[in-house]
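Colleague: This is the structure I have questions about; it appears just below.
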Amino acid sequence: MSIPSRRHWVLGSRQPPALDLPLAQASALLTHLGQGARDAVAEDLLRLVGAHAPLAQCTIFSFEPGRRPTVVAVGDRSRTKELPHIAEAYVNRYHRLDGLAAVMQAEWTAAQKAGTEQPRILLHRQTGADIAHAPYRQTCYTLPQVAERLAVLALYEGRRWMSVHLYRGTEHGPFDDAAVAVVEAFAPLIVQAVRLHHTGLAVHQDLGGLLLARAVRRWPQLTRRDQDVLQALMDGLDTNTLAERLGLTPSSAQTYCQRVYRKLGVAGQRELFAALLAST
């Protein structure tokens with residue numbers, strides 16, 4: 001059994017191996033679906049799949065046409081604490097340079113026709129050598145010592161791609177036939193788990209949207225940039241991650257945060273949430 005020669009392929013073209021599913025790890029995954037600790041699902045998938053094939057990192061992204069992708073979750077086997085910042089750099093600066101962008105565009109019509117019950121599951125692999133853009137290659141592959149990334153993706157609700165990126169470290173080497181077969185075997189479970197997780201998170205995010213709308217009504221002096229900062233604060237981002245999301249330097253991000261606090265008449269995040277939840 002050999003790996004497909006193309007850089008992407010549709011699941012189902014090969015018969016995956018039979019694998020024993022660890023009950024404890026599967027239960028942990030189900031427990032964390034849709035919960036507020038968003039990164040737990042990426043970490044659970046990393047442990048579940050990584051028990052059968054060596055993996056270093058896992059990131060989950062949501063791609064919607066015409067909009068910047070969002071980071072759904074990240075998981076890391078104590079490789080580097082920089083993965084959240086690397087993921088934010090990817091969605092802010094590099095996602096259009098990824099070979100995955102062309103795959104999503106080429107597969108859009110076929111994925112829509114497939115529907116939700118039997119989604120068209122795609123796999124796409126990419127090494128640092130596949131990337132001509134030096135800063136992208138350096139940030140996402142060279143610095144974190146990633147040998148190859150294998151993405152599992154499917155269209156969700158006919159409008160949004162959910163993509164789970166599994167990374168092999170340089171100590172593991174690129175995905176071999178056996179490792180690719182393992183990922184293929186887990187792919188249907190991965191796709192369904194991520195869909196359920198994203199749906200659950202959307203409920204929490206809807207609450208955030210309601211609070212943001214309330215803030216805009218109560219404090220009309222908030223600029224669009226103020227609202228972006230406020231949303232990031234409600235998402236619990238620290239200054240560095242907030243800066244990455246909004247394309248700011250850490251010092252500028254801190255300045256924007258203090259400006260929002262002043263406009264709302266609060267001293268920090270605790271008072272901010274109290275003010276947002278207040279009935280008047």
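Here's how to read the names in the structure tokens: chain A, B, ... by the order shown, residue numbers from 1 in each chain, ligand numbers from 1 in the order shown.
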I want to know what sits within 12 Å of Leu230 in chain A, based on only C-alpha atoms, with residues of the same chain fewer than 2 positions away left out; could you give that as a ChimeraX atom specification?
Modeller: /A:208-209,211-216,219,222-228,232-237,242,246,253,256-261,263-264,268-269,272-273,276
Colleague: Kindly provide the residues of range 96-190 of chain A that approach range 42-62 of chain A to within 9 Å, each paired with its closest atom pair and their distance in Å to one decimal, based on only C-alpha atoms, listed by chain and increasing number, as CSV.
Modeller:
```
residue,atom,partner,partner_atom,distance
A:Val146,CA,A:Ala56,CA,8.0
A:Arg160,CA,A:Ser62,CA,6.7
A:Trp161,CA,A:Ser62,CA,5.8
A:Met162,CA,A:Ser62,CA,4.7
A:Ser163,CA,A:Phe61,CA,5.3
A:Val164,CA,A:Ile60,CA,4.5
A:His165,CA,A:Thr59,CA,5.2
A:Leu166,CA,A:Cys58,CA,4.7
A:Tyr167,CA,A:Gln57,CA,5.1
A:Arg168,CA,A:Leu55,CA,4.9
A:Gly169,CA,A:Ala56,CA,5.4
A:His172,CA,A:Pro54,CA,6.6
A:Phe175,CA,A:Ala53,CA,8.9
A:Ala178,CA,A:Ala53,CA,7.8
A:Ala179,CA,A:Ala53,CA,5.3
A:Val180,CA,A:Ala53,CA,8.6
A:Val182,CA,A:Ala53,CA,6.8
A:Val183,CA,A:Val49,CA,7.0
A:Phe186,CA,A:Val49,CA,7.1
A:Ile190,CA,A:Leu45,CA,7.5
```
Colleague: Could you save those same residues with N, CA, C and O atoms as a PDB file, in the first residue's frame?
Modeller:
```pdb
ATOM      1  N   VAL A 146       9.148  21.234  12.338  1.00  0.00           N
ATOM      2  CA  VAL A 146       8.113  20.399  11.741  1.00  0.00           C
ATOM      3  C   VAL A 146       8.622  19.813  10.437  1.00  0.00           C
ATOM      4  O   VAL A 146       9.116  20.538   9.570  1.00  0.00           O
ATOM      5  N   ARG A 160     -18.357  26.341   5.206  1.00  0.00           N
ATOM      6  CA  ARG A 160     -17.161  26.541   6.015  1.00  0.00           C
ATOM      7  C   ARG A 160     -16.326  25.261   6.021  1.00  0.00           C
ATOM      8  O   ARG A 160     -16.827  24.178   6.318  1.00  0.00           O
ATOM      9  N   TRP A 161     -15.044  25.376   5.694  1.00  0.00           N
ATOM     10  CA  TRP A 161     -14.134  24.251   5.794  1.00  0.00           C
ATOM     11  C   TRP A 161     -13.604  24.154   7.224  1.00  0.00           C
ATOM     12  O   TRP A 161     -13.175  25.145   7.795  1.00  0.00           O
ATOM     13  N   MET A 162     -13.670  22.966   7.782  1.00  0.00           N
ATOM     14  CA  MET A 162     -13.009  22.693   9.048  1.00  0.00           C
ATOM     15  C   MET A 162     -11.799  21.823   8.735  1.00  0.00           C
ATOM     16  O   MET A 162     -11.931  20.784   8.073  1.00  0.00           O
ATOM     17  N   SER A 163     -10.631  22.243   9.172  1.00  0.00           N
ATOM     18  CA  SER A 163      -9.401  21.540   8.825  1.00  0.00           C
ATOM     19  C   SER A 163      -8.581  21.250  10.072  1.00  0.00           C
ATOM     20  O   SER A 163      -8.307  22.158  10.871  1.00  0.00           O
ATOM     21  N   VAL A 164      -8.217  19.987  10.238  1.00  0.00           N
ATOM     22  CA  VAL A 164      -7.384  19.557  11.357  1.00  0.00           C
ATOM     23  C   VAL A 164      -5.982  19.295  10.811  1.00  0.00           C
ATOM     24  O   VAL A 164      -5.799  18.437   9.945  1.00  0.00           O
ATOM     25  N   HIS A 165      -5.006  20.049  11.307  1.00  0.00           N
ATOM     26  CA  HIS A 165      -3.630  19.932  10.839  1.00  0.00           C
ATOM     27  C   HIS A 165      -2.827  19.101  11.843  1.00  0.00           C
ATOM     28  O   HIS A 165      -2.686  19.485  13.011  1.00  0.00           O
ATOM     29  N   LEU A 166      -2.307  17.996  11.377  1.00  0.00           N
ATOM     30  CA  LEU A 166      -1.472  17.116  12.195  1.00  0.00           C
ATOM     31  C   LEU A 166      -0.034  17.251  11.736  1.00  0.00           C
ATOM     32  O   LEU A 166       0.250  17.145  10.532  1.00  0.00           O
ATOM     33  N   TYR A 167       0.873  17.478  12.683  1.00  0.00           N
ATOM     34  CA  TYR A 167       2.264  17.773  12.350  1.00  0.00           C
ATOM     35  C   TYR A 167       3.194  16.673  12.856  1.00  0.00           C
ATOM     36  O   TYR A 167       3.071  16.212  13.995  1.00  0.00           O
ATOM     37  N   ARG A 168       4.149  16.318  12.007  1.00  0.00           N
ATOM     38  CA  ARG A 168       5.221  15.407  12.402  1.00  0.00           C
ATOM     39  C   ARG A 168       6.470  16.244  12.671  1.00  0.00           C
ATOM     40  O   ARG A 168       6.844  17.115  11.878  1.00  0.00           O
ATOM     41  N   GLY A 169       7.138  15.958  13.782  1.00  0.00           N
ATOM     42  CA  GLY A 169       8.378  16.657  14.084  1.00  0.00           C
ATOM     43  C   GLY A 169       9.528  16.133  13.239  1.00  0.00           C
ATOM     44  O   GLY A 169       9.451  15.056  12.644  1.00  0.00           O
ATOM     45  N   HIS A 172      10.626  12.723  13.872  1.00  0.00           N
ATOM     46  CA  HIS A 172       9.794  11.640  13.357  1.00  0.00           C
ATOM     47  C   HIS A 172      10.012  11.434  11.871  1.00  0.00           C
ATOM     48  O   HIS A 172       9.834  10.336  11.354  1.00  0.00           O
ATOM     49  N   PHE A 175       5.495  11.899   7.036  1.00  0.00           N
ATOM     50  CA  PHE A 175       4.523  10.815   7.177  1.00  0.00           C
ATOM     51  C   PHE A 175       4.877   9.671   6.225  1.00  0.00           C
ATOM     52  O   PHE A 175       5.004   9.883   5.016  1.00  0.00           O
ATOM     53  N   ALA A 178       2.498   3.955   6.695  1.00  0.00           N
ATOM     54  CA  ALA A 178       1.761   3.484   7.870  1.00  0.00           C
ATOM     55  C   ALA A 178       1.108   4.648   8.611  1.00  0.00           C
ATOM     56  O   ALA A 178      -0.048   4.547   9.054  1.00  0.00           O
ATOM     57  N   ALA A 179       1.815   5.756   8.756  1.00  0.00           N
ATOM     58  CA  ALA A 179       1.265   6.911   9.468  1.00  0.00           C
ATOM     59  C   ALA A 179       0.113   7.538   8.702  1.00  0.00           C
ATOM     60  O   ALA A 179      -0.900   7.945   9.293  1.00  0.00           O
ATOM     61  N   VAL A 180       0.239   7.620   7.373  1.00  0.00           N
ATOM     62  CA  VAL A 180      -0.863   8.152   6.562  1.00  0.00           C
ATOM     63  C   VAL A 180      -2.092   7.258   6.700  1.00  0.00           C
ATOM     64  O   VAL A 180      -3.222   7.739   6.833  1.00  0.00           O
ATOM     65  N   VAL A 182      -2.943   5.457   9.241  1.00  0.00           N
ATOM     66  CA  VAL A 182      -3.534   5.689  10.559  1.00  0.00           C
ATOM     67  C   VAL A 182      -4.426   6.932  10.529  1.00  0.00           C
ATOM     68  O   VAL A 182      -5.558   6.915  11.027  1.00  0.00           O
ATOM     69  N   VAL A 183      -3.913   8.009   9.949  1.00  0.00           N
ATOM     70  CA  VAL A 183      -4.705   9.240   9.874  1.00  0.00           C
ATOM     71  C   VAL A 183      -5.968   9.008   9.052  1.00  0.00           C
ATOM     72  O   VAL A 183      -7.054   9.492   9.404  1.00  0.00           O
ATOM     73  N   PHE A 186      -8.606   7.318  11.136  1.00  0.00           N
ATOM     74  CA  PHE A 186      -9.230   8.195  12.119  1.00  0.00           C
ATOM     75  C   PHE A 186      -9.993   9.356  11.491  1.00  0.00           C
ATOM     76  O   PHE A 186     -10.742  10.053  12.187  1.00  0.00           O
ATOM     77  N   ILE A 190     -12.358  12.181  13.266  1.00  0.00           N
ATOM     78  CA  ILE A 190     -11.809  13.527  13.413  1.00  0.00           C
ATOM     79  C   ILE A 190     -12.795  14.566  12.882  1.00  0.00           C
ATOM     80  O   ILE A 190     -13.086  15.572  13.535  1.00  0.00           O
TER      81      ILE A 190
END
```
Colleague: Out of A:Gly247, A:Pro119, A:Pro174, A:Pro220, which residue has the shortest atom-to-atom distance to Leu11 in chain A when counting only C-alpha atoms?
Modeller: A:Pro119
Colleague: Rank A:Ala147, A:Ala129, A:Ala73, A:Leu155 by their smallest atom-to-atom distance to Gln105 in chain A, using only C-alpha atoms, and report the top residue only.
Modeller: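 Closest residue, counting only C-alpha atoms: A:Leu155.
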Colleague: Please run DSSP on the backbone and report, as an NGL selection string, all residues within range 43-109 of chain A that come out as strand (DSSP E or B).
Modeller: :A and (57-63 or 70-76)
Colleague: With all heavy atoms retained, write the just-selected residues as an mmCIF file, in the first residue's frame.
Modeller:
```
data_model
loop_
_atom_site.group_PDB
_atom_site.id
_atom_site.type_symbol
_atom_site.label_atom_id
_atom_site.label_comp_id
_atom_site.auth_asym_id
_atom_site.auth_seq_id
_atom_site.Cartn_x
_atom_site.Cartn_y
_atom_site.Cartn_z
ATOM 1 N N GLN A 57 2.260 17.994 16.917
ATOM 2 C CA GLN A 57 1.326 19.087 17.165
ATOM 3 C C GLN A 57 0.030 18.858 16.407
ATOM 4 O O GLN A 57 -0.025 18.086 15.452
ATOM 5 C CB GLN A 57 1.937 20.426 16.709
ATOM 6 C CG GLN A 57 3.179 20.845 17.473
ATOM 7 C CD GLN A 57 3.823 22.085 16.873
ATOM 8 O OE1 GLN A 57 3.781 22.307 15.664
ATOM 9 N NE2 GLN A 57 4.431 22.893 17.730
ATOM 10 N N CYS A 58 -1.009 19.557 16.847
ATOM 11 C CA CYS A 58 -2.298 19.528 16.165
ATOM 12 C C CYS A 58 -2.925 20.917 16.260
ATOM 13 O O CYS A 58 -2.977 21.504 17.348
ATOM 14 C CB CYS A 58 -3.217 18.492 16.807
ATOM 15 S SG CYS A 58 -4.939 18.519 16.218
ATOM 16 N N THR A 59 -3.365 21.452 15.154
ATOM 17 C CA THR A 59 -4.124 22.701 15.166
ATOM 18 C C THR A 59 -5.408 22.496 14.367
ATOM 19 O O THR A 59 -5.428 21.741 13.391
ATOM 20 C CB THR A 59 -3.337 23.882 14.554
ATOM 21 O OG1 THR A 59 -2.864 23.518 13.244
ATOM 22 C CG2 THR A 59 -2.156 24.257 15.427
ATOM 23 N N ILE A 60 -6.469 23.161 14.792
ATOM 24 C CA ILE A 60 -7.761 23.068 14.114
ATOM 25 C C ILE A 60 -8.149 24.467 13.651
ATOM 26 O O ILE A 60 -8.145 25.416 14.449
ATOM 27 C CB ILE A 60 -8.843 22.496 15.043
ATOM 28 C CG1 ILE A 60 -8.398 21.141 15.603
ATOM 29 C CG2 ILE A 60 -10.167 22.361 14.302
ATOM 30 C CD1 ILE A 60 -9.331 20.582 16.665
ATOM 31 N N PHE A 61 -8.477 24.592 12.367
ATOM 32 C CA PHE A 61 -8.828 25.884 11.784
ATOM 33 C C PHE A 61 -10.198 25.827 11.137
ATOM 34 O O PHE A 61 -10.650 24.771 10.679
ATOM 35 C CB PHE A 61 -7.810 26.294 10.712
ATOM 36 C CG PHE A 61 -6.406 26.483 11.211
ATOM 37 C CD1 PHE A 61 -5.454 25.486 11.043
ATOM 38 C CD2 PHE A 61 -6.025 27.654 11.842
ATOM 39 C CE1 PHE A 61 -4.162 25.649 11.494
ATOM 40 C CE2 PHE A 61 -4.733 27.833 12.301
ATOM 41 C CZ PHE A 61 -3.798 26.830 12.127
ATOM 42 N N SER A 62 -10.849 26.983 11.081
ATOM 43 C CA SER A 62 -12.093 27.156 10.351
ATOM 44 C C SER A 62 -11.843 28.141 9.211
ATOM 45 O O SER A 62 -11.349 29.250 9.447
ATOM 46 C CB SER A 62 -13.185 27.687 11.285
ATOM 47 O OG SER A 62 -14.339 28.039 10.550
ATOM 48 N N PHE A 63 -12.154 27.719 7.983
ATOM 49 C CA PHE A 63 -11.966 28.563 6.802
ATOM 50 C C PHE A 63 -13.318 28.869 6.182
ATOM 51 O O PHE A 63 -14.088 27.962 5.876
ATOM 52 C CB PHE A 63 -11.114 27.844 5.743
ATOM 53 C CG PHE A 63 -9.710 27.534 6.158
ATOM 54 C CD1 PHE A 63 -9.417 26.372 6.865
ATOM 55 C CD2 PHE A 63 -8.663 28.387 5.839
ATOM 56 C CE1 PHE A 63 -8.121 26.066 7.239
ATOM 57 C CE2 PHE A 63 -7.367 28.087 6.208
ATOM 58 C CZ PHE A 63 -7.090 26.923 6.910
ATOM 59 N N THR A 70 -10.075 31.280 11.260
ATOM 60 C CA THR A 70 -9.991 31.391 12.709
ATOM 61 C C THR A 70 -9.352 30.139 13.284
ATOM 62 O O THR A 70 -9.474 29.042 12.729
ATOM 63 C CB THR A 70 -11.395 31.580 13.338
ATOM 64 O OG1 THR A 70 -12.226 30.471 12.969
ATOM 65 C CG2 THR A 70 -12.032 32.871 12.855
ATOM 66 N N VAL A 71 -8.670 30.329 14.406
ATOM 67 C CA VAL A 71 -8.068 29.211 15.115
ATOM 68 C C VAL A 71 -9.116 28.634 16.059
ATOM 69 O O VAL A 71 -9.610 29.336 16.943
ATOM 70 C CB VAL A 71 -6.831 29.664 15.911
ATOM 71 C CG1 VAL A 71 -6.195 28.476 16.633
ATOM 72 C CG2 VAL A 71 -5.805 30.340 15.000
ATOM 73 N N VAL A 72 -9.464 27.377 15.877
ATOM 74 C CA VAL A 72 -10.450 26.725 16.728
ATOM 75 C C VAL A 72 -9.795 26.136 17.965
ATOM 76 O O VAL A 72 -10.298 26.268 19.082
ATOM 77 C CB VAL A 72 -11.210 25.633 15.945
ATOM 78 C CG1 VAL A 72 -12.213 24.908 16.844
ATOM 79 C CG2 VAL A 72 -11.922 26.242 14.743
ATOM 80 N N ALA A 73 -8.632 25.493 17.786
ATOM 81 C CA ALA A 73 -7.949 24.855 18.917
ATOM 82 C C ALA A 73 -6.518 24.501 18.520
ATOM 83 O O ALA A 73 -6.211 24.337 17.334
ATOM 84 C CB ALA A 73 -8.686 23.597 19.362
ATOM 85 N N VAL A 74 -5.653 24.387 19.521
ATOM 86 C CA VAL A 74 -4.274 23.955 19.287
ATOM 87 C C VAL A 74 -3.903 22.902 20.328
ATOM 88 O O VAL A 74 -4.384 22.922 21.463
ATOM 89 C CB VAL A 74 -3.266 25.128 19.361
ATOM 90 C CG1 VAL A 74 -3.587 26.183 18.322
ATOM 91 C CG2 VAL A 74 -3.252 25.752 20.754
ATOM 92 N N GLY A 75 -3.054 21.961 19.936
ATOM 93 C CA GLY A 75 -2.557 20.939 20.852
ATOM 94 C C GLY A 75 -1.086 20.711 20.601
ATOM 95 O O GLY A 75 -0.642 20.691 19.457
ATOM 96 N N ASP A 76 -0.314 20.557 21.659
ATOM 97 C CA ASP A 76 1.137 20.459 21.525
ATOM 98 C C ASP A 76 1.688 19.492 22.558
ATOM 99 O O ASP A 76 1.318 19.561 23.732
ATOM 100 C CB ASP A 76 1.762 21.843 21.734
ATOM 101 C CG ASP A 76 3.189 21.935 21.235
ATOM 102 O OD1 ASP A 76 3.922 20.934 21.346
ATOM 103 O OD2 ASP A 76 3.571 22.992 20.736
#
```
Colleague: At a cut-off of 10 Å, using only C-alpha atoms, what residues contact His124 in chain A? Leave out same-chain residues fewer than 3 positions from it and give the result as a list in words.
Modeller: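 Returned residues: Arg6, Arg7, His8, Trp9, Val10, Gly99, Leu100, Val103, Arg149, Leu150, Ala151, Val152, Leu153, Ser163 and His165 of chain A.
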Colleague: So what do you get for CA of Thr139 in chain A versus CA of Pro84 in chain A, distance-wise?
Modeller: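 Going from CA of Thr139 in chain A over to CA of Pro84 in chain A covers 12.1 Å.
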Colleague: Have a look at CA of Thr127 in chain A and CA of Gln192 in chain A and let me know their distance in Å, one decimal.
Modeller: 26.1 Å
Colleague: Within range 80-252 of chain A, find each residue whose DSSP state, derived from the backbone, is alpha helix (DSSP H), and express the selection as an MDAnalysis selection string.
Modeller: chainID A and resid 83:89 99:114 134:137 177:218 224:234 239:246 250:252
